[in-house]
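Asks: File follows, upload10.txt with compact mmCIF, C-alpha atoms:
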```
# COMPACT_ATOMS: atom_id res chain seq x y z
CA PRO O 8 -25.07 4.28 -1.28
CA ASN O 9 -22.04 6.59 -1.22
CA PRO O 10 -20.24 6.15 -4.56
CA HIS O 11 -16.80 6.87 -3.12
CA GLN O 12 -17.27 4.32 -0.35
CA GLN O 13 -18.34 1.79 -2.95
CA ILE O 14 -15.21 2.58 -4.98
CA ILE O 15 -12.82 2.19 -2.03
CA GLU O 16 -14.50 -1.04 -0.95
CA GLY O 17 -14.31 -2.41 -4.49
CA ALA O 18 -10.68 -1.32 -4.83
CA HIS O 19 -9.54 -3.42 -1.89
CA MET O 20 -11.44 -6.45 -3.16
CA ALA O 21 -9.91 -6.07 -6.62
CA ALA O 22 -6.39 -5.04 -5.63
CA PHE O 23 -5.42 -7.66 -3.05
CA THR O 24 -5.36 -11.34 -2.29
CA GLY O 25 -5.41 -12.58 1.29
CA GLY O 26 -7.25 -10.90 4.15
CA LEU O 27 -7.08 -7.44 2.61
CA ASP O 28 -9.51 -8.44 -0.13
CA LYS O 29 -12.33 -9.04 2.35
CA PRO O 30 -15.17 -6.46 2.37
CA LEU O 31 -15.57 -4.16 5.37
CA VAL O 32 -19.34 -4.12 4.86
CA ALA O 33 -20.78 -7.61 5.01
CA PRO O 34 -22.93 -8.61 2.01
CA ARG O 35 -26.59 -9.20 2.83
CA HIS O 36 -26.41 -12.94 2.25
CA GLN O 37 -23.61 -13.23 4.81
CA LEU O 38 -25.62 -11.24 7.36
CA ASP O 39 -28.43 -13.73 6.88
CA VAL O 40 -26.00 -16.59 7.57
CA LEU O 41 -24.76 -14.91 10.77
CA ALA O 42 -28.34 -14.36 11.94
CA LYS O 43 -29.06 -18.08 11.58
CA HIS O 44 -25.73 -19.19 13.10
CA PRO O 45 -24.83 -16.96 16.07
CA GLU O 46 -22.15 -19.46 17.06
CA ILE O 47 -20.01 -18.04 14.23
CA VAL O 48 -20.03 -14.62 15.91
CA ALA O 49 -19.34 -16.19 19.32
CA GLU O 50 -16.34 -18.09 17.94
CA PHE O 51 -14.99 -14.92 16.32
CA TYR O 52 -15.33 -13.06 19.62
CA GLN O 53 -13.58 -15.77 21.63
CA THR O 54 -10.73 -16.02 19.11
CA ASN O 55 -10.03 -12.31 18.83
CA MET O 56 -10.94 -10.82 22.23
CA CYS O 57 -7.75 -12.00 23.92
CA GLY O 58 -4.60 -10.44 25.27
CA LYS O 59 -2.34 -11.21 22.33
CA ARG O 60 -4.73 -9.63 19.82
CA ILE O 61 -5.39 -6.36 21.65
CA ALA O 62 -3.08 -3.35 21.72
CA PHE O 63 -3.35 -0.29 23.94
CA ALA O 64 -1.44 2.94 23.49
CA ALA O 65 -1.37 6.12 25.53
CA SER O 66 0.31 9.51 25.32
CA GLY O 67 1.40 11.14 28.57
CA ALA O 68 0.91 8.05 30.79
CA SER O 69 3.32 5.49 32.20
CA ALA O 70 3.05 1.75 31.52
CA GLY O 71 2.31 1.17 35.21
CA GLU O 72 -0.54 3.66 35.21
CA MET O 73 -1.97 2.06 32.07
CA ALA O 74 -1.81 -1.41 33.64
CA ARG O 75 -3.59 -0.17 36.78
CA LEU O 76 -6.43 1.34 34.73
CA LEU O 77 -6.87 -1.67 32.44
CA GLU O 78 -6.64 -4.44 35.03
CA PRO O 79 -10.22 -4.15 36.42
CA THR O 80 -11.88 -4.53 33.02
CA LEU O 81 -9.45 -6.57 30.93
CA GLY O 82 -7.28 -8.39 33.42
CA ALA O 83 -9.35 -11.57 33.18
CA LEU O 84 -9.05 -11.92 29.40
CA PRO O 85 -7.30 -15.10 28.23
CA ALA O 86 -3.88 -14.68 26.62
CA GLY O 87 -4.96 -16.43 23.40
CA ASN O 88 -2.84 -16.63 20.27
CA PRO O 89 -1.34 -13.80 18.17
CA THR O 90 -3.07 -12.84 14.95
CA PRO O 91 -1.57 -14.98 12.16
CA ALA O 92 -0.12 -13.33 9.09
CA ASP O 93 -2.66 -13.45 6.27
CA GLY O 94 -0.20 -13.30 3.38
CA SER O 95 -1.98 -10.46 1.63
CA ALA O 96 -0.40 -9.22 -1.59
CA TYR O 97 -1.19 -6.65 -4.25
CA VAL O 98 -2.29 -8.24 -7.53
CA GLY O 99 -4.46 -5.59 -9.24
CA GLY O 100 -7.79 -6.22 -10.85
CA GLU O 101 -11.11 -4.80 -11.98
CA VAL O 102 -14.53 -4.16 -10.43
CA LYS O 103 -17.34 -2.52 -12.39
CA THR O 104 -20.75 -1.76 -10.88
CA ASN O 105 -23.49 -0.21 -13.00
CA ALA O 106 -25.84 2.04 -10.99
CA VAL O 107 -27.95 4.26 -13.24
CA GLY O 108 -28.29 7.86 -12.09
CA MET O 109 -25.27 7.85 -9.78
CA GLY O 110 -22.91 9.67 -12.15
CA ALA O 111 -19.58 8.28 -13.26
CA ASN O 112 -17.08 7.41 -10.51
CA VAL O 113 -13.74 5.88 -11.40
CA MET O 114 -10.56 4.94 -9.57
CA LEU O 115 -7.32 3.97 -11.30
CA ALA O 116 -4.58 2.81 -8.94
CA PHE O 117 -1.33 0.83 -8.80
CA GLY O 118 0.55 -1.12 -6.17
CA CYS O 119 2.72 0.89 -3.80
CA PRO O 120 5.13 0.17 -0.91
CA GLY O 121 3.75 -0.67 2.53
CA TRP O 122 4.58 1.14 5.78
CA ARG O 123 7.50 -1.14 6.61
CA GLU O 124 9.33 0.10 3.53
CA VAL O 125 9.96 3.49 5.11
CA LYS O 126 11.56 5.29 2.17
CA GLY O 127 8.85 4.16 -0.26
CA SER O 128 5.92 4.82 2.06
CA VAL O 129 7.22 8.30 2.88
CA GLY O 130 7.50 8.91 -0.85
CA VAL O 131 3.88 7.89 -1.39
CA THR O 132 2.84 10.24 1.43
CA VAL O 133 4.56 13.15 -0.32
CA LEU O 134 3.09 12.15 -3.69
CA ASN O 135 -0.33 12.25 -2.04
CA VAL O 136 0.24 15.88 -1.03
CA LEU O 137 1.85 16.79 -4.34
CA MET O 138 -1.03 15.43 -6.42
CA GLY O 139 -3.69 16.53 -3.93
CA GLY O 140 -7.01 17.38 -5.49
CA GLY O 141 -10.41 17.35 -3.86
CA GLY O 142 -13.91 18.58 -4.60
CA SER O 143 -14.61 21.34 -7.12
CA PHE O 144 -16.96 23.11 -4.70
CA SER O 145 -14.07 24.10 -2.40
CA SER O 146 -10.97 24.77 -4.45
CA GLY O 147 -9.74 28.03 -2.93
CA GLY O 148 -8.50 29.37 0.36
CA PRO O 149 -5.56 28.55 2.62
CA GLY O 150 -4.81 24.86 3.01
CA LYS O 151 -7.35 23.74 0.41
CA GLY O 152 -4.73 22.27 -1.92
CA MET O 153 -5.23 24.82 -4.67
CA HIS O 154 -1.56 24.50 -5.65
CA SER O 155 -1.70 20.70 -6.05
CA ARG O 156 -1.34 19.16 -9.48
CA LEU O 157 -4.86 17.72 -9.69
CA TYR O 158 -6.44 21.08 -8.80
CA LYS O 159 -4.38 23.02 -11.32
CA ARG O 160 -4.36 20.45 -14.10
CA VAL O 161 -7.83 18.85 -13.76
CA LEU O 162 -10.37 20.60 -11.52
CA GLN O 163 -9.63 24.14 -12.68
CA LYS O 164 -9.88 23.10 -16.33
CA ASN O 165 -12.92 20.79 -16.24
CA ALA O 166 -16.05 22.36 -14.76
CA SER O 167 -18.04 19.13 -15.02
CA ILE O 168 -15.67 17.15 -12.76
CA VAL O 169 -16.94 17.34 -9.18
CA ASN O 170 -14.08 15.47 -7.52
CA CYS O 171 -10.56 14.45 -8.48
CA SER O 172 -8.27 13.27 -5.69
CA PHE O 173 -5.10 11.28 -5.23
CA VAL O 174 -5.86 8.40 -2.86
CA ASN O 175 -3.77 5.74 -1.18
CA SER O 176 -4.34 2.81 1.15
CA MET O 177 -1.20 1.39 2.77
CA PHE O 178 -0.68 -1.57 5.08
CA ASN O 179 2.42 -3.15 6.61
CA THR O 180 3.83 -4.76 3.49
CA THR O 181 1.70 -3.57 0.59
CA GLY O 182 -0.77 -0.94 -0.59
CA PHE O 183 -2.16 0.93 -3.57
CA ALA O 184 -2.21 4.55 -4.70
CA GLY O 185 -3.93 6.30 -7.58
CA ILE O 186 -6.61 8.75 -8.66
CA LEU O 187 -10.31 8.78 -7.82
CA ILE O 188 -12.37 10.98 -10.15
CA SER O 189 -16.12 11.67 -10.40
CA SER O 190 -18.54 13.57 -12.64
CA GLY O 191 -22.26 13.79 -13.23
CA GLU O 192 -21.78 14.70 -16.89
CA THR O 193 -18.41 13.49 -18.19
CA PRO O 194 -18.46 9.89 -19.48
CA ALA O 195 -16.58 7.31 -17.43
CA SER O 196 -14.31 6.49 -20.37
CA HIS O 197 -13.14 10.11 -20.47
CA LEU O 198 -12.58 10.16 -16.70
CA VAL O 199 -10.26 7.18 -16.91
CA ASP O 200 -8.45 8.92 -19.80
CA ILE O 201 -7.83 11.93 -17.53
CA ALA O 202 -6.63 9.76 -14.64
CA SER O 203 -4.33 7.81 -16.95
CA ALA O 204 -2.84 10.99 -18.42
CA GLU O 205 -2.13 12.49 -14.99
CA LEU O 206 -0.47 9.33 -13.71
CA LEU O 207 1.63 8.95 -16.85
CA GLU O 208 2.71 12.59 -16.54
CA LEU O 209 3.68 12.03 -12.92
CA ALA O 210 6.00 9.19 -13.97
CA LYS O 211 7.59 11.17 -16.82
CA PRO O 212 11.26 12.15 -16.22
CA GLY O 213 11.60 15.89 -15.54
CA ALA O 214 7.86 16.48 -15.06
CA LEU O 215 8.12 17.45 -11.38
CA THR O 216 9.58 20.83 -10.46
CA GLU O 217 11.77 21.64 -7.45
CA GLU O 218 9.20 24.22 -6.32
CA GLU O 219 6.19 21.91 -6.21
CA VAL O 220 8.17 19.11 -4.57
CA ALA O 221 9.52 21.48 -1.90
CA ARG O 222 5.96 22.69 -1.23
CA ALA O 223 4.65 19.13 -0.94
CA LYS O 224 7.46 18.10 1.41
CA ALA O 225 6.92 21.11 3.67
CA SER O 226 3.17 20.48 3.72
CA ALA O 227 3.63 16.78 4.57
CA ILE O 228 5.94 17.59 7.49
CA SER O 229 3.66 20.38 8.70
CA ALA O 230 0.62 18.08 8.67
CA VAL O 231 2.38 15.45 10.80
CA LEU O 232 3.66 17.99 13.32
CA PHE O 233 0.23 19.60 13.58
CA ASN O 234 -1.56 16.28 14.07
CA LEU O 235 0.86 15.13 16.78
CA GLU O 236 -0.14 18.13 18.90
CA SER O 237 -3.34 16.17 19.60
CA LYS O 238 -2.97 13.67 22.46
CA SER O 239 -5.46 11.27 20.87
CA ILE O 240 -3.64 11.29 17.52
CA ALA O 241 -0.27 10.93 19.26
CA ALA O 242 -1.57 7.89 21.15
CA GLU O 243 -2.90 6.33 17.94
CA ASP O 244 0.45 7.00 16.24
CA ILE O 245 2.31 5.22 19.05
CA GLY O 246 0.04 2.19 18.76
CA ARG O 247 0.27 1.98 14.99
CA GLN O 248 4.05 2.31 14.97
CA VAL O 249 4.57 -0.33 17.65
CA LEU O 250 2.32 -2.76 15.75
CA THR O 251 4.04 -1.98 12.44
CA TYR O 252 7.70 -1.55 13.38
CA GLY O 253 7.90 -3.07 16.86
CA ALA O 254 8.85 0.30 18.36
CA LYS O 255 8.07 3.98 18.00
CA LYS O 256 10.34 5.68 15.50
CA ASP O 257 11.87 9.06 16.22
CA LEU O 258 10.05 11.91 14.47
CA LYS O 259 13.38 13.16 13.11
CA GLU O 260 13.71 9.95 11.08
CA TYR O 261 10.46 10.76 9.27
CA VAL O 262 11.40 14.40 8.71
CA ASP O 263 14.83 13.43 7.39
CA ALA O 264 13.27 10.85 5.04
CA VAL O 265 10.90 13.49 3.63
CA ASN O 266 13.64 16.09 3.23
CA ALA O 267 15.83 13.58 1.40
CA LEU O 268 13.28 13.14 -1.40
CA THR O 269 14.03 14.75 -4.75
CA PRO O 270 11.87 15.28 -7.85
CA LYS O 271 13.80 12.48 -9.54
CA ALA O 272 13.23 10.09 -6.61
CA LEU O 273 9.48 10.78 -6.59
CA GLN O 274 9.25 10.37 -10.37
CA GLU O 275 11.10 7.06 -10.19
CA LEU O 276 8.84 5.87 -7.36
CA ALA O 277 5.74 6.69 -9.42
CA ALA O 278 7.21 4.95 -12.49
CA SER O 279 8.01 1.81 -10.48
CA MET O 280 4.46 1.68 -9.11
CA MET O 281 3.04 1.83 -12.62
CA LYS O 282 4.87 -1.34 -13.58
CA SER O 283 2.34 -3.27 -11.49
CA THR O 284 -1.04 -4.45 -12.74
CA PRO O 285 -3.58 -1.60 -12.48
CA THR O 286 -6.60 -1.65 -10.22
CA LEU O 287 -9.59 -0.23 -12.10
CA VAL O 288 -12.82 0.32 -10.18
CA SER O 289 -15.94 2.05 -11.48
CA TYR O 290 -19.37 2.71 -10.02
CA GLY O 291 -22.47 4.43 -11.38
CA ASP O 292 -23.12 5.31 -15.03
CA VAL O 293 -20.13 3.34 -16.28
CA ALA O 294 -21.42 1.28 -19.20
CA ASP O 295 -18.76 2.84 -21.47
CA MET O 296 -15.79 1.91 -19.26
CA PRO O 297 -12.90 0.32 -21.18
CA ARG O 298 -11.59 -3.05 -20.08
CA LEU O 299 -8.65 -3.34 -17.70
CA SER O 300 -6.43 -4.79 -20.43
CA MET O 301 -6.94 -1.68 -22.55
CA ILE O 302 -5.92 0.58 -19.66
CA GLU O 303 -2.96 -1.61 -18.76
CA SER O 304 -1.57 -1.31 -22.30
CA ARG O 305 -1.21 2.47 -21.85
CA PHE O 306 1.40 1.95 -19.14
CA LYS O 307 3.54 -0.61 -20.97
```
How would this structure read if it were set down as structure tokens?

Replies:
Amino acid sequence: PNPHQQIIEGAHMAAFTGGLDKPLVAPRHQLDVLAKHPEIVAEFYQTNMCGKRIAFAASGASAGEMARLLEPTLGALPAGNPTPADGSAYVGGEVKTNAVGMGANVMLAFGCPGWREVKGSVGVTVLNVLMGGGGSFSSGGPGKGMHSRLYKRVLQKNASIVNCSFVNSMFNTTGFAGILISSGETPASHLVDIASAELLELAKPGALTEEEVARAKASAISAVLFNLESKSIAAEDIGRQVLTYGAKKDLKEYVDAVNALTPKALQELAASMMKSTPTLVSYGDVADMPRLSMIESRFK
């Protein structure tokens, strides 16, 4: 199994209540149940394959043209009922999976704003660029994030750490953001110490410089503009925005929101996130991992 996939899967199960805590990969025992009861799959299909639970988006096509193309294949679908709100919320929590020989893989995260809180979600997007990180095997070269905080402060100073990245997972009304760090040699307890120290530093008043924030803001804007040059990404963006906000927002609104961010605003956003209960997920050689309560006390 891929350790990072296991971490992300475990993080959602630990961090949320409601529908967001359900696994993307079905456990084996549930697959066995579905094999014995195909009517469960049939009911799921009939409930969800309906007009009010399907969204289509296109870039460079009119609504009339879209309707003409979709009618032959989907015109006979029943209208059905809209997807009900699942009431998911961030609560934080802990998942620990021992897997000998897989190295130490740790994620420490906190609750963050969802997409509908535009100012907060834009702030998390810029924090993601600012903190950056990645794999130690590819730390140089243009666009590789070599100026990000996690590269300069962690990867360049710890040869045994093979990956250290800022990660986030945001939904309409909630999300989480934090640090995922891995090593084949460094003990898991030390990895969580490093992640804790970097997050605490991020939330410290005056820790962020004007230069690094300006670089992160420019990079975040550049990435969005570059991605929207792709028709497929532009179409996906239209669909996601309509489902999230009810309409497509003007690009200028996003750019203005990014440009309005200051080092103080980003520091305060990080500090507010760290008032929530942590999500602590570990996978691999993690027998020495401290308990969640011990980590939580560091942020009080």

Asks: In Å, with one decimal, what is the gap from CA of Asn165 in chain O to CA of Leu207 in chain O?

Replies: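 So the two atoms, CA of Asn165 in chain O and CA of Leu207 in chain O, lie 18.8 Å apart.
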
Asks: Show which residues sit within 10 Å of range 242-246 of chain O, as a count of residues only. Count all atoms listed in the file, and ignore same-chain residues fewer than 6 positions away.

Replies: 13

Asks: Between O:Gly26, O:Pro8, O:Pro285, O:Gly139, which is the closest to Phe117 in chain O once you count all atoms listed in the file?

Replies: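 Of O:Gly26, O:Pro8, O:Pro285, O:Gly139, the one nearest Phe117 in chain O is O:Pro285, counting all atoms listed in the file.
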
Asks: To one decimal place, how far is CA of His19 in chain O from CA of Ser289 in chain O in Å?

Replies: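 Between CA of His19 in chain O and CA of Ser289 in chain O the gap is 12.8 Å.
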
Asks: With distances taken over all atoms listed in the file, which residue among O:Pro34, O:Pro194, O:Pro270, O:Pro45 lies nearest Pro212 in chain O?

Replies: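 Once distances to Pro212 in chain O are computed over all atoms listed in the file, the minimum belongs to O:Pro270.
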
Asks: Could you tell me which of O:Ala272, O:Ile302, O:Leu81, O:Met109 comes closest to Tyr290 in chain O if we count all atoms listed in the file?

Replies: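 Once distances to Tyr290 in chain O are computed over all atoms listed in the file, the minimum belongs to O:Met109.
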
Asks: For range 129-140 of chain O, which lacks atoms in the input, supply all heavy atoms and format the output as an mmCIF file, keeping the file's coordinate frame.

Replies:
```cif
data_model
loop_
_atom_site.group_PDB
_atom_site.id
_atom_site.type_symbol
_atom_site.label_atom_id
_atom_site.label_comp_id
_atom_site.auth_asym_id
_atom_site.auth_seq_id
_atom_site.Cartn_x
_atom_site.Cartn_y
_atom_site.Cartn_z
ATOM 1 N N VAL O 129 7.093 6.846 2.727
ATOM 2 C CA VAL O 129 7.220 8.300 2.880
ATOM 3 C C VAL O 129 7.082 8.980 1.525
ATOM 4 O O VAL O 129 6.437 10.030 1.397
ATOM 5 C CB VAL O 129 8.567 8.654 3.548
ATOM 6 C CG1 VAL O 129 8.848 10.151 3.444
ATOM 7 C CG2 VAL O 129 8.560 8.237 5.013
ATOM 8 N N GLY O 130 7.638 8.360 0.503
ATOM 9 C CA GLY O 130 7.500 8.910 -0.850
ATOM 10 C C GLY O 130 6.057 8.964 -1.305
ATOM 11 O O GLY O 130 5.611 9.957 -1.897
ATOM 12 N N VAL O 131 5.290 7.908 -1.020
ATOM 13 C CA VAL O 131 3.880 7.890 -1.390
ATOM 14 C C VAL O 131 3.115 8.977 -0.627
ATOM 15 O O VAL O 131 2.219 9.633 -1.176
ATOM 16 C CB VAL O 131 3.249 6.503 -1.117
ATOM 17 C CG1 VAL O 131 1.744 6.533 -1.369
ATOM 18 C CG2 VAL O 131 3.895 5.449 -2.006
ATOM 19 N N THR O 132 3.472 9.184 0.636
ATOM 20 C CA THR O 132 2.840 10.240 1.430
ATOM 21 C C THR O 132 3.058 11.604 0.795
ATOM 22 O O THR O 132 2.130 12.422 0.715
ATOM 23 C CB THR O 132 3.393 10.226 2.866
ATOM 24 O OG1 THR O 132 3.152 8.946 3.459
ATOM 25 C CG2 THR O 132 2.735 11.300 3.714
ATOM 26 N N VAL O 133 4.270 11.867 0.327
ATOM 27 C CA VAL O 133 4.560 13.150 -0.320
ATOM 28 C C VAL O 133 3.873 13.247 -1.679
ATOM 29 O O VAL O 133 3.363 14.306 -2.052
ATOM 30 C CB VAL O 133 6.082 13.359 -0.442
ATOM 31 C CG1 VAL O 133 6.402 14.629 -1.230
ATOM 32 C CG2 VAL O 133 6.722 13.440 0.946
ATOM 33 N N LEU O 134 3.824 12.146 -2.412
ATOM 34 C CA LEU O 134 3.090 12.150 -3.690
ATOM 35 C C LEU O 134 1.622 12.473 -3.461
ATOM 36 O O LEU O 134 0.994 13.167 -4.273
ATOM 37 C CB LEU O 134 3.215 10.784 -4.379
ATOM 38 C CG LEU O 134 4.530 10.458 -5.080
ATOM 39 C CD1 LEU O 134 4.488 9.046 -5.649
ATOM 40 C CD2 LEU O 134 4.820 11.463 -6.194
ATOM 41 N N ASN O 135 1.069 11.984 -2.363
ATOM 42 C CA ASN O 135 -0.330 12.250 -2.040
ATOM 43 C C ASN O 135 -0.572 13.753 -1.873
ATOM 44 O O ASN O 135 -1.581 14.291 -2.337
ATOM 45 C CB ASN O 135 -0.710 11.516 -0.761
ATOM 46 C CG ASN O 135 -2.192 11.507 -0.504
ATOM 47 O OD1 ASN O 135 -2.972 11.074 -1.342
ATOM 48 N ND2 ASN O 135 -2.598 11.996 0.653
ATOM 49 N N VAL O 136 0.364 14.426 -1.213
ATOM 50 C CA VAL O 136 0.240 15.880 -1.030
ATOM 51 C C VAL O 136 0.486 16.600 -2.347
ATOM 52 O O VAL O 136 -0.218 17.554 -2.694
ATOM 53 C CB VAL O 136 1.233 16.367 0.043
ATOM 54 C CG1 VAL O 136 1.136 17.884 0.220
ATOM 55 C CG2 VAL O 136 0.980 15.670 1.372
ATOM 56 N N LEU O 137 1.486 16.156 -3.078
ATOM 57 C CA LEU O 137 1.850 16.790 -4.340
ATOM 58 C C LEU O 137 0.715 16.748 -5.353
ATOM 59 O O LEU O 137 0.383 17.748 -6.001
ATOM 60 C CB LEU O 137 3.084 16.086 -4.922
ATOM 61 C CG LEU O 137 3.612 16.620 -6.241
ATOM 62 C CD1 LEU O 137 4.809 17.520 -5.981
ATOM 63 C CD2 LEU O 137 4.006 15.489 -7.166
ATOM 64 N N MET O 138 0.073 15.575 -5.474
ATOM 65 C CA MET O 138 -1.030 15.430 -6.420
ATOM 66 C C MET O 138 -2.301 16.059 -5.890
ATOM 67 O O MET O 138 -3.035 16.731 -6.614
ATOM 68 C CB MET O 138 -1.259 13.948 -6.721
ATOM 69 C CG MET O 138 -0.114 13.266 -7.439
ATOM 70 S SD MET O 138 0.149 13.926 -9.097
ATOM 71 C CE MET O 138 -1.198 13.120 -9.974
ATOM 72 N N GLY O 139 -2.592 15.840 -4.599
ATOM 73 C CA GLY O 139 -3.690 16.530 -3.930
ATOM 74 C C GLY O 139 -5.038 16.319 -4.573
ATOM 75 O O GLY O 139 -5.496 15.201 -4.784
ATOM 76 N N GLY O 140 -5.680 17.430 -4.908
ATOM 77 C CA GLY O 140 -7.010 17.380 -5.490
ATOM 78 C C GLY O 140 -8.079 17.581 -4.436
ATOM 79 O O GLY O 140 -7.830 18.101 -3.348
#
```
